[in-house]
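Visitor: The following file, input.txt, comprises compact mmCIF, C-alpha atoms:
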```txt
# COMPACT_ATOMS: atom_id res chain seq x y z
CA MET T 1 -0.05 -7.29 -0.23
CA ARG T 2 2.44 -5.83 -2.65
CA SER T 3 2.40 -9.02 -4.72
CA ILE T 4 -1.42 -9.08 -4.62
CA GLU T 5 -1.58 -5.57 -6.06
CA ARG T 6 0.88 -6.60 -8.78
CA SER T 7 -1.34 -9.59 -9.68
CA LEU T 8 -4.64 -7.74 -9.27
CA SER T 9 -5.61 -7.98 -12.95
CA LYS T 10 -5.11 -11.76 -12.78
CA PHE T 11 -7.28 -11.92 -9.65
CA ASN T 12 -9.97 -9.87 -11.42
CA GLU T 13 -9.84 -12.20 -14.44
CA ALA T 14 -10.20 -15.20 -12.14
CA GLY T 15 -13.18 -13.54 -10.44
CA ILE T 16 -11.37 -13.39 -7.10
CA ARG T 17 -11.63 -10.29 -4.94
CA PRO T 18 -8.65 -9.85 -2.59
CA VAL T 19 -9.56 -8.18 0.71
CA ALA T 20 -7.05 -7.25 3.40
CA ILE T 21 -7.92 -7.03 7.12
CA SER T 22 -5.90 -5.70 10.06
CA VAL T 23 -6.37 -3.85 13.36
CA ASP T 24 -5.26 -0.59 11.73
CA THR T 25 -7.85 2.20 11.74
CA SER T 26 -9.61 3.07 8.48
CA GLU T 27 -7.53 6.25 8.38
CA ASP T 28 -4.21 4.34 8.73
CA SER T 29 -5.32 1.82 6.10
CA ARG T 30 -6.29 4.68 3.79
CA LYS T 31 -2.80 6.17 4.16
CA LEU T 32 -1.19 2.77 3.59
CA ALA T 33 -3.26 2.21 0.44
CA GLN T 34 -2.37 5.69 -0.79
CA ASN T 35 1.36 5.36 -0.11
CA GLN T 36 1.67 1.84 -1.53
CA GLY T 37 -0.85 2.25 -4.36
CA TYR T 38 -3.13 -0.55 -3.10
CA THR T 39 -6.48 -0.53 -4.90
CA PHE T 40 -8.16 -3.64 -3.40
CA PRO T 41 -10.44 -3.24 -0.34
CA ILE T 42 -8.72 -2.91 3.04
CA LEU T 43 -10.94 -3.38 6.08
CA SER T 44 -10.31 -2.14 9.58
CA ASP T 45 -10.95 -4.53 12.49
CA HIS T 46 -9.70 -2.08 15.10
CA SER T 47 -11.07 -4.03 18.10
CA ALA T 48 -9.79 -7.33 16.59
CA GLU T 49 -13.31 -8.74 17.01
CA VAL T 50 -13.41 -10.54 13.65
CA ILE T 51 -9.74 -11.52 14.03
CA ARG T 52 -10.58 -13.19 17.36
CA ARG T 53 -13.68 -14.86 15.90
CA TYR T 54 -11.43 -16.40 13.22
CA ASP T 55 -8.93 -17.42 15.97
CA LEU T 56 -6.17 -15.38 14.34
CA ALA T 57 -5.32 -13.10 17.25
CA HIS T 58 -1.66 -12.80 18.11
CA LYS T 59 -2.11 -11.82 21.74
CA GLY T 60 -0.19 -8.77 22.91
CA ALA T 61 1.92 -8.59 19.75
CA GLY T 62 0.94 -5.00 18.96
CA ILE T 63 3.30 -2.17 19.74
CA ASN T 64 1.31 -1.23 22.87
CA GLY T 65 0.55 -4.83 23.81
CA GLU T 66 -2.76 -4.98 21.95
CA ASP T 67 -3.94 -8.07 20.09
CA ILE T 68 -3.22 -8.01 16.36
CA ALA T 69 -3.81 -10.46 13.49
CA ARG T 70 -1.27 -13.17 12.70
CA PRO T 71 -0.68 -13.41 8.93
CA ALA T 72 -3.28 -15.71 7.33
CA GLU T 73 -5.00 -16.14 3.98
CA PHE T 74 -8.39 -17.75 3.20
CA LEU T 75 -9.92 -18.35 -0.21
CA ILE T 76 -13.71 -18.27 0.20
CA ASP T 77 -16.06 -19.31 -2.61
CA ALA T 78 -19.31 -17.52 -3.53
CA THR T 79 -21.29 -19.60 -1.01
CA GLY T 80 -19.01 -18.46 1.83
CA THR T 81 -17.22 -21.82 2.09
CA VAL T 82 -13.47 -22.02 2.73
CA LYS T 83 -11.68 -23.57 -0.26
CA TRP T 84 -8.05 -23.01 0.72
CA ILE T 85 -6.19 -21.68 3.76
CA ASN T 86 -2.66 -20.63 4.46
CA LEU T 87 -1.63 -20.26 8.10
CA THR T 88 2.09 -19.60 7.72
CA GLU T 89 4.38 -20.93 10.44
CA ASN T 90 6.99 -18.28 9.74
CA TYR T 91 6.15 -14.60 9.58
CA TRP T 92 8.57 -14.07 6.67
CA ILE T 93 7.01 -16.75 4.45
CA ARG T 94 3.72 -15.85 2.75
CA ALA T 95 1.41 -17.34 0.15
CA ARG T 96 2.19 -16.30 -3.40
CA PRO T 97 -0.57 -15.08 -5.74
CA GLU T 98 0.15 -17.97 -8.15
CA GLN T 99 -0.76 -20.50 -5.43
CA VAL T 100 -4.12 -18.81 -4.85
CA LEU T 101 -4.84 -18.41 -8.58
CA GLU T 102 -4.13 -22.12 -9.10
CA VAL T 103 -6.79 -23.04 -6.51
CA ALA T 104 -9.14 -20.36 -7.85
CA LYS T 105 -9.31 -22.23 -11.18
CA LEU T 106 -11.37 -24.91 -9.38
CA LEU T 107 -14.01 -22.44 -8.22
CA ARG T 108 -17.28 -22.17 -10.13
CA MET K 1 45.01 8.76 6.81
CA ASN K 2 47.66 6.41 5.49
CA ILE K 3 45.91 3.90 3.22
CA LYS K 4 48.49 1.23 4.01
CA ARG K 5 47.58 1.41 7.66
CA LEU K 6 43.84 1.20 7.13
CA ASN K 7 42.58 -2.34 7.66
CA TRP K 8 40.25 -2.19 4.66
CA PRO K 9 39.11 -5.87 4.63
CA LEU K 10 38.00 -5.49 8.25
CA TRP K 11 35.96 -2.33 7.69
CA THR K 12 34.55 -3.47 4.35
CA GLY K 13 33.53 -6.73 6.02
CA PHE K 14 31.85 -4.83 8.85
CA LEU K 15 29.93 -2.51 6.52
CA LEU K 16 28.91 -5.46 4.37
CA THR K 17 27.63 -7.24 7.50
CA LEU K 18 25.40 -4.26 8.29
CA ALA K 19 24.26 -4.13 4.65
CA ALA K 20 23.52 -7.88 4.70
CA PHE K 21 21.30 -7.36 7.76
CA LEU K 22 19.45 -4.23 6.70
CA SER K 23 18.99 -5.09 3.02
CA TYR K 24 16.60 -7.93 3.92
CA PHE K 25 14.12 -5.62 5.60
CA PHE K 26 14.40 -2.78 3.10
CA ILE K 27 14.96 -4.57 -0.21
CA PHE K 28 14.83 -8.37 -0.28
CA VAL K 29 11.61 -8.66 1.72
CA LEU K 30 9.83 -6.99 -1.22
CA PHE K 31 10.32 -10.02 -3.49
CA PRO K 32 8.95 -13.49 -2.59
CA PHE K 33 12.00 -15.07 -4.27
CA THR K 34 14.44 -13.45 -1.81
CA ARG K 35 11.99 -13.18 1.12
CA ASP K 36 10.78 -16.76 1.73
CA PHE K 37 14.38 -17.87 2.22
CA PRO K 38 16.98 -15.10 2.74
CA TRP K 39 19.64 -16.68 0.52
CA ALA K 40 20.73 -13.32 -0.92
CA ASN K 41 21.48 -12.05 2.58
CA LEU K 42 23.26 -15.24 3.58
CA VAL K 43 25.52 -14.86 0.50
CA LEU K 44 26.33 -11.29 1.60
CA PHE K 45 27.07 -12.54 5.14
CA VAL K 46 29.47 -15.18 3.76
CA ILE K 47 31.38 -12.58 1.71
CA ALA K 48 31.47 -10.30 4.76
CA GLY K 49 32.76 -13.22 6.83
CA VAL K 50 35.64 -13.83 4.41
CA LEU K 51 36.57 -10.13 4.49
CA LEU K 52 36.41 -10.06 8.29
CA PHE K 53 38.62 -13.12 8.50
CA MET K 54 41.14 -11.40 6.23
CA GLY K 55 40.85 -8.25 8.37
CA LEU K 56 41.38 -10.21 11.54
CA ARG K 57 44.54 -11.82 10.15
CA ARG K 58 45.74 -8.40 9.09
CA GLY K 59 44.91 -6.95 12.50
CA PHE K 60 46.97 -9.64 14.22
CA ALA K 61 49.93 -9.45 11.79
CA SER K 62 53.16 -8.64 13.66
CA ASP K 63 54.37 -6.14 11.04
CA ARG K 64 51.51 -3.73 11.73
CA PRO K 65 51.99 -0.42 13.51
CA HIS K 66 50.09 -0.10 16.81
CA THR K 67 49.94 -3.88 17.09
CA THR K 68 47.93 -3.94 20.32
CA ARG K 69 45.42 -1.38 19.16
CA SER K 70 44.89 -3.10 15.82
CA LYS K 71 44.39 -6.45 17.58
CA ILE K 72 41.78 -4.94 19.87
CA VAL K 73 39.97 -3.06 17.09
CA SER K 74 39.83 -6.02 14.72
CA SER K 75 38.60 -8.30 17.51
CA ILE K 76 35.83 -5.92 18.57
CA VAL K 77 34.69 -5.32 14.99
CA SER K 78 34.63 -9.08 14.30
CA VAL K 79 32.63 -9.84 17.44
CA LEU K 80 30.15 -7.07 16.60
CA SER K 81 29.74 -8.46 13.08
CA LEU K 82 29.16 -11.94 14.47
CA ALA K 83 26.49 -10.51 16.77
CA VAL K 84 24.73 -8.84 13.82
CA PHE K 85 24.77 -12.16 11.93
CA ALA K 86 23.40 -14.01 14.98
CA MET K 87 20.64 -11.42 15.34
CA PHE K 88 19.67 -11.88 11.69
CA ILE K 89 19.42 -15.66 12.05
CA PHE K 90 17.40 -15.18 15.22
CA VAL K 91 14.96 -12.65 13.76
CA ILE K 92 14.28 -14.69 10.61
CA PHE K 93 14.36 -18.30 11.76
CA VAL K 94 13.39 -18.08 15.45
CA GLY K 95 11.44 -14.83 15.93
CA GLY K 96 9.60 -15.37 12.64
CA ARG K 97 8.05 -18.55 14.07
CA TRP K 98 6.52 -16.85 17.09
CA LEU K 99 2.99 -17.07 15.80
CA PRO K 100 -0.13 -18.51 17.45
CA ALA K 101 -1.19 -21.94 16.14
CA SER K 102 -4.74 -20.67 15.40
CA LYS K 103 -6.27 -24.14 15.79
CA GLY K 104 -9.76 -22.67 15.85
CA ALA K 105 -9.41 -20.90 12.50
CA PRO K 106 -12.00 -21.78 9.81
CA GLN K 107 -11.05 -25.03 8.03
CA VAL K 108 -11.39 -26.02 4.38
CA GLY K 109 -15.00 -27.01 3.72
CA GLN K 110 -16.43 -24.89 6.56
CA ARG K 111 -18.68 -21.88 6.04
CA VAL K 112 -17.00 -18.76 7.41
CA PRO K 113 -18.86 -16.46 9.77
CA ASP K 114 -20.13 -13.30 8.06
CA PHE K 115 -18.82 -9.97 9.32
CA SER K 116 -19.09 -6.29 8.62
CA LEU K 117 -16.11 -3.92 8.92
CA PRO K 118 -15.33 -0.35 7.81
CA ASP K 119 -13.26 0.09 4.66
CA THR K 120 -10.68 2.87 4.10
CA SER K 121 -13.44 5.46 3.63
CA GLY K 122 -15.19 4.34 6.83
CA THR K 123 -18.09 2.64 4.98
CA GLN K 124 -19.27 -0.63 6.55
CA VAL K 125 -18.66 -3.55 4.17
CA SER K 126 -19.92 -7.09 4.81
CA LEU K 127 -18.34 -10.32 3.60
CA ASN K 128 -21.63 -11.05 1.85
CA GLU K 129 -21.34 -7.81 -0.14
CA LEU K 130 -17.74 -8.63 -1.04
CA LEU K 131 -18.89 -12.03 -2.30
CA THR K 132 -21.75 -10.62 -4.42
CA THR K 133 -20.61 -7.20 -5.72
CA PRO K 134 -19.63 -7.80 -9.39
CA ILE K 135 -15.98 -7.66 -10.52
CA ASN K 136 -15.77 -6.05 -13.98
CA GLY K 137 -19.48 -6.79 -14.49
CA ASN K 138 -19.30 -10.48 -13.49
CA ALA K 139 -20.40 -12.14 -10.27
CA PRO K 140 -17.28 -12.93 -8.16
CA LYS K 141 -16.23 -16.56 -7.83
CA GLY K 142 -14.70 -15.88 -4.47
CA VAL K 143 -12.91 -13.63 -2.03
CA LEU K 144 -9.33 -13.92 -0.82
CA LEU K 145 -9.24 -12.78 2.81
CA VAL K 146 -5.75 -11.60 3.71
CA PHE K 147 -5.22 -11.01 7.42
CA TYR K 148 -2.07 -9.01 8.20
CA ARG K 149 -0.45 -7.55 11.29
CA GLY K 150 -0.95 -3.94 10.27
CA TYR K 151 1.29 -1.00 10.91
CA TRP K 152 -0.59 0.53 13.86
```
What's the structure tokens form of this structure?

Guide:
Amino acid sequence: MRSIERSLSKFNEAGIRPVAISVDTSEDSRKLAQNQGYTFPILSDHSAEVIRRYDLAHKGAGINGEDIARPAEFLIDATGTVKWINLTENYWIRARPEQVLEVAKLLR
Amino acid sequence: MNIKRLNWPLWTGFLLTLAAFLSYFFIFVLFPFTRDFPWANLVLFVIAGVLLFMGLRRGFASDRPHTTRSKIVSSIVSVLSLAVFAMFIFVIFVGGRWLPASKGAPQVGQRVPDFSLPDTSGTQVSLNELLTTPINGNAPKGVLLVFYRGYW
């Protein structure tokens, strides 16, 4: 998310809107955005309903045993179709903004 | 304290081991270049290992005062350091892979289900709105959905 914020002007130029989603409450996400200086939208899926619908729930991985999202990135085009996905196999390895921007060039 | 008696390679090696462990989570994780593969930390662990080896040799040297105590201390510190290294390897290469396979996740070419969720101000925002609200006056070409664990 840090690297997304750093590349936000490039995302804007490419016409791509980054949106982050987690089980955090709106209030916690607001604090996170404030502390880290994130300016892109951060949505709160507190009940993990959307996370489950996308089959991204990491069952019982929350601090109190609740379901949370596994890290995942999806590039969706204007028609709502998936153009690129990244389901990392290792928590410490994430997609880089350059990868996404490369794929974004193909979007109309 | 007599500086000659202090087993400095041992203690420097131990402190460097702790630094090699902690620096990943506080510093190197911030940069993709040092996060995706923790080579910077592994380099620090190698240097720490060399220092610990030197410290161990020093601890077991027969010309040292308190020979028994220095053997025991250098052994314990070395074992602890090895445990810290093992924990690092475990957390990054084993624990990091404990993720669900997510076989049912949307695939390339599929339409994703629409949703509506509250943003940081509590306002409900739908995927459709995110895909149509202009960016700098132009219609968006797409949305990058980034799911993350959160900080609870």

Visitor: Rank nothing, just name the residue among T:Gln36, T:Gln99, T:Asn86, T:Thr79 nearest to Val112 in chain K, using only C-alpha atoms.

Guide: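 Closest candidate: T:Thr79.
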
Visitor: Quick one: residues within 12 Å of (46.1, -0.8, 10.0) (file frame), counting only C-alpha atoms, please, as a ChimeraX atom specification.

Guide: /K:1-11,55-74

Visitor: Using the selection just defined, write its residues with C-alpha atoms as a PDB file, in the frame of the given file.

Guide:
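Printed below is again.pdb as written:
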```pdb
ATOM      1  CA  MET K   1      45.010   8.760   6.810  1.00  0.00           C
ATOM      2  CA  ASN K   2      47.660   6.410   5.490  1.00  0.00           C
ATOM      3  CA  ILE K   3      45.910   3.900   3.220  1.00  0.00           C
ATOM      4  CA  LYS K   4      48.490   1.230   4.010  1.00  0.00           C
ATOM      5  CA  ARG K   5      47.580   1.410   7.660  1.00  0.00           C
ATOM      6  CA  LEU K   6      43.840   1.200   7.130  1.00  0.00           C
ATOM      7  CA  ASN K   7      42.580  -2.340   7.660  1.00  0.00           C
ATOM      8  CA  TRP K   8      40.250  -2.190   4.660  1.00  0.00           C
ATOM      9  CA  PRO K   9      39.110  -5.870   4.630  1.00  0.00           C
ATOM     10  CA  LEU K  10      38.000  -5.490   8.250  1.00  0.00           C
ATOM     11  CA  TRP K  11      35.960  -2.330   7.690  1.00  0.00           C
ATOM     12  CA  GLY K  55      40.850  -8.250   8.370  1.00  0.00           C
ATOM     13  CA  LEU K  56      41.380 -10.210  11.540  1.00  0.00           C
ATOM     14  CA  ARG K  57      44.540 -11.820  10.150  1.00  0.00           C
ATOM     15  CA  ARG K  58      45.740  -8.400   9.090  1.00  0.00           C
ATOM     16  CA  GLY K  59      44.910  -6.950  12.500  1.00  0.00           C
ATOM     17  CA  PHE K  60      46.970  -9.640  14.220  1.00  0.00           C
ATOM     18  CA  ALA K  61      49.930  -9.450  11.790  1.00  0.00           C
ATOM     19  CA  SER K  62      53.160  -8.640  13.660  1.00  0.00           C
ATOM     20  CA  ASP K  63      54.370  -6.140  11.040  1.00  0.00           C
ATOM     21  CA  ARG K  64      51.510  -3.730  11.730  1.00  0.00           C
ATOM     22  CA  PRO K  65      51.990  -0.420  13.510  1.00  0.00           C
ATOM     23  CA  HIS K  66      50.090  -0.100  16.810  1.00  0.00           C
ATOM     24  CA  THR K  67      49.940  -3.880  17.090  1.00  0.00           C
ATOM     25  CA  THR K  68      47.930  -3.940  20.320  1.00  0.00           C
ATOM     26  CA  ARG K  69      45.420  -1.380  19.160  1.00  0.00           C
ATOM     27  CA  SER K  70      44.890  -3.100  15.820  1.00  0.00           C
ATOM     28  CA  LYS K  71      44.390  -6.450  17.580  1.00  0.00           C
ATOM     29  CA  ILE K  72      41.780  -4.940  19.870  1.00  0.00           C
ATOM     30  CA  VAL K  73      39.970  -3.060  17.090  1.00  0.00           C
ATOM     31  CA  SER K  74      39.830  -6.020  14.720  1.00  0.00           C
TER      32      SER K  74
END
```

Visitor: Could you please give me, as a PyMOL selection string, the residues of protein, DNA or RNA lying at most 12 Å from (-8.5, -6.1, -13.2) in the coordinate frame of the file, considering all atoms listed in the file?

Guide: (chain T and resi 4-18+39-40) or (chain K and resi 134-138)

Visitor: Please produce a file of the residues just selected, as a PDB file, keeping the file's coordinate frame, where the atoms kept are C-alpha atoms.

Guide:
```
ATOM      1  CA  ILE T   4      -1.420  -9.080  -4.620  1.00  0.00           C
ATOM      2  CA  GLU T   5      -1.580  -5.570  -6.060  1.00  0.00           C
ATOM      3  CA  ARG T   6       0.880  -6.600  -8.780  1.00  0.00           C
ATOM      4  CA  SER T   7      -1.340  -9.590  -9.680  1.00  0.00           C
ATOM      5  CA  LEU T   8      -4.640  -7.740  -9.270  1.00  0.00           C
ATOM      6  CA  SER T   9      -5.610  -7.980 -12.950  1.00  0.00           C
ATOM      7  CA  LYS T  10      -5.110 -11.760 -12.780  1.00  0.00           C
ATOM      8  CA  PHE T  11      -7.280 -11.920  -9.650  1.00  0.00           C
ATOM      9  CA  ASN T  12      -9.970  -9.870 -11.420  1.00  0.00           C
ATOM     10  CA  GLU T  13      -9.840 -12.200 -14.440  1.00  0.00           C
ATOM     11  CA  ALA T  14     -10.200 -15.200 -12.140  1.00  0.00           C
ATOM     12  CA  GLY T  15     -13.180 -13.540 -10.440  1.00  0.00           C
ATOM     13  CA  ILE T  16     -11.370 -13.390  -7.100  1.00  0.00           C
ATOM     14  CA  ARG T  17     -11.630 -10.290  -4.940  1.00  0.00           C
ATOM     15  CA  PRO T  18      -8.650  -9.850  -2.590  1.00  0.00           C
ATOM     16  CA  THR T  39      -6.480  -0.530  -4.900  1.00  0.00           C
ATOM     17  CA  PHE T  40      -8.160  -3.640  -3.400  1.00  0.00           C
TER      18      PHE T  40
ATOM     19  CA  PRO K 134     -19.630  -7.800  -9.390  1.00  0.00           C
ATOM     20  CA  ILE K 135     -15.980  -7.660 -10.520  1.00  0.00           C
ATOM     21  CA  ASN K 136     -15.770  -6.050 -13.980  1.00  0.00           C
ATOM     22  CA  GLY K 137     -19.480  -6.790 -14.490  1.00  0.00           C
ATOM     23  CA  ASN K 138     -19.300 -10.480 -13.490  1.00  0.00           C
TER      24      ASN K 138
END
```

Visitor: Let me have the centre and edge lengths in Å, one decimal, of the box along x, y and z around every listed atom of range 104-118 of chain K with 4 Å of margin on each side, as JSON.

Guide:
```
{"center_x": -14.8, "center_y": -13.7, "center_z": 9.8, "size_x": 18.7, "size_y": 34.7, "size_z": 20.1}
```

Visitor: Select, as an mmCIF file with C-alpha atoms, in the frame of the given file, those residues of chain K with any atom no more than 6 Å from chain T (distances computed using all atoms listed in the file).

Guide:
```
data_model
loop_
_atom_site.group_PDB
_atom_site.id
_atom_site.type_symbol
_atom_site.label_atom_id
_atom_site.label_comp_id
_atom_site.auth_asym_id
_atom_site.auth_seq_id
_atom_site.Cartn_x
_atom_site.Cartn_y
_atom_site.Cartn_z
ATOM 1 C CA ASP K 36 10.780 -16.760 1.730
ATOM 2 C CA GLY K 96 9.600 -15.370 12.640
ATOM 3 C CA ARG K 97 8.050 -18.550 14.070
ATOM 4 C CA PRO K 100 -0.130 -18.510 17.450
ATOM 5 C CA SER K 102 -4.740 -20.670 15.400
ATOM 6 C CA GLY K 104 -9.760 -22.670 15.850
ATOM 7 C CA ALA K 105 -9.410 -20.900 12.500
ATOM 8 C CA VAL K 108 -11.390 -26.020 4.380
ATOM 9 C CA GLY K 109 -15.000 -27.010 3.720
ATOM 10 C CA GLN K 110 -16.430 -24.890 6.560
ATOM 11 C CA ARG K 111 -18.680 -21.880 6.040
ATOM 12 C CA VAL K 112 -17.000 -18.760 7.410
ATOM 13 C CA LEU K 117 -16.110 -3.920 8.920
ATOM 14 C CA PRO K 118 -15.330 -0.350 7.810
ATOM 15 C CA ASP K 119 -13.260 0.090 4.660
ATOM 16 C CA THR K 120 -10.680 2.870 4.100
ATOM 17 C CA GLY K 122 -15.190 4.340 6.830
ATOM 18 C CA LEU K 131 -18.890 -12.030 -2.300
ATOM 19 C CA PRO K 140 -17.280 -12.930 -8.160
ATOM 20 C CA LYS K 141 -16.230 -16.560 -7.830
ATOM 21 C CA GLY K 142 -14.700 -15.880 -4.470
ATOM 22 C CA VAL K 143 -12.910 -13.630 -2.030
ATOM 23 C CA LEU K 144 -9.330 -13.920 -0.820
ATOM 24 C CA LEU K 145 -9.240 -12.780 2.810
ATOM 25 C CA VAL K 146 -5.750 -11.600 3.710
ATOM 26 C CA PHE K 147 -5.220 -11.010 7.420
ATOM 27 C CA TYR K 148 -2.070 -9.010 8.200
ATOM 28 C CA ARG K 149 -0.450 -7.550 11.290
ATOM 29 C CA GLY K 150 -0.950 -3.940 10.270
ATOM 30 C CA TRP K 152 -0.590 0.530 13.860
#
```

Visitor: So what do you get for CA of Asn35 in chain T versus CA of Leu99 in chain K, distance-wise?

Guide: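 These atoms are spaced 27.5 Å apart.
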
Visitor: CA of Ile27 in chain K to CA of Ala40 in chain K: how many Å, to one decimal?

Guide: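 These two atoms are separated by 10.5 Å.
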
Visitor: Have a look at CA of Val77 in chain K and CA of Leu44 in chain K and let me know their distance in Å, one decimal.

Guide: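 Rounded to one decimal, the two atoms are 16.9 Å apart.
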
Visitor: Have a look at T:Gln34, T:Glu98, T:Gly65, T:Val103 and name the one nearest to Ser121 in chain K; count only C-alpha atoms.

Guide: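 For Ser121 in chain K, the nearest of the given residues is T:Gln34.
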
Visitor: For each of K:Val94, K:Val29, K:Ala48, K:Met54, take the minimum atom-to-atom distance to Leu82 in chain K, counting all atoms listed in the file, then give the residue where this is smallest.

Guide: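 Distance minimum relative to Leu82 in chain K lands on K:Ala48.
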
Visitor: Which residues are close to Leu127 in chain K, i.e. within 7 Å by all atoms listed in the file, leaving aside same-chain residues fewer than 6 positions away? Reply as a PDB file with C-alpha atoms, in the frame of the given file.

Guide:
```pdb
ATOM      1  CA  ASP K 114     -20.130 -13.300   8.060  1.00  0.00           C
ATOM      2  CA  PHE K 115     -18.820  -9.970   9.320  1.00  0.00           C
ATOM      3  CA  SER K 116     -19.090  -6.290   8.620  1.00  0.00           C
TER       4      SER K 116
END
```
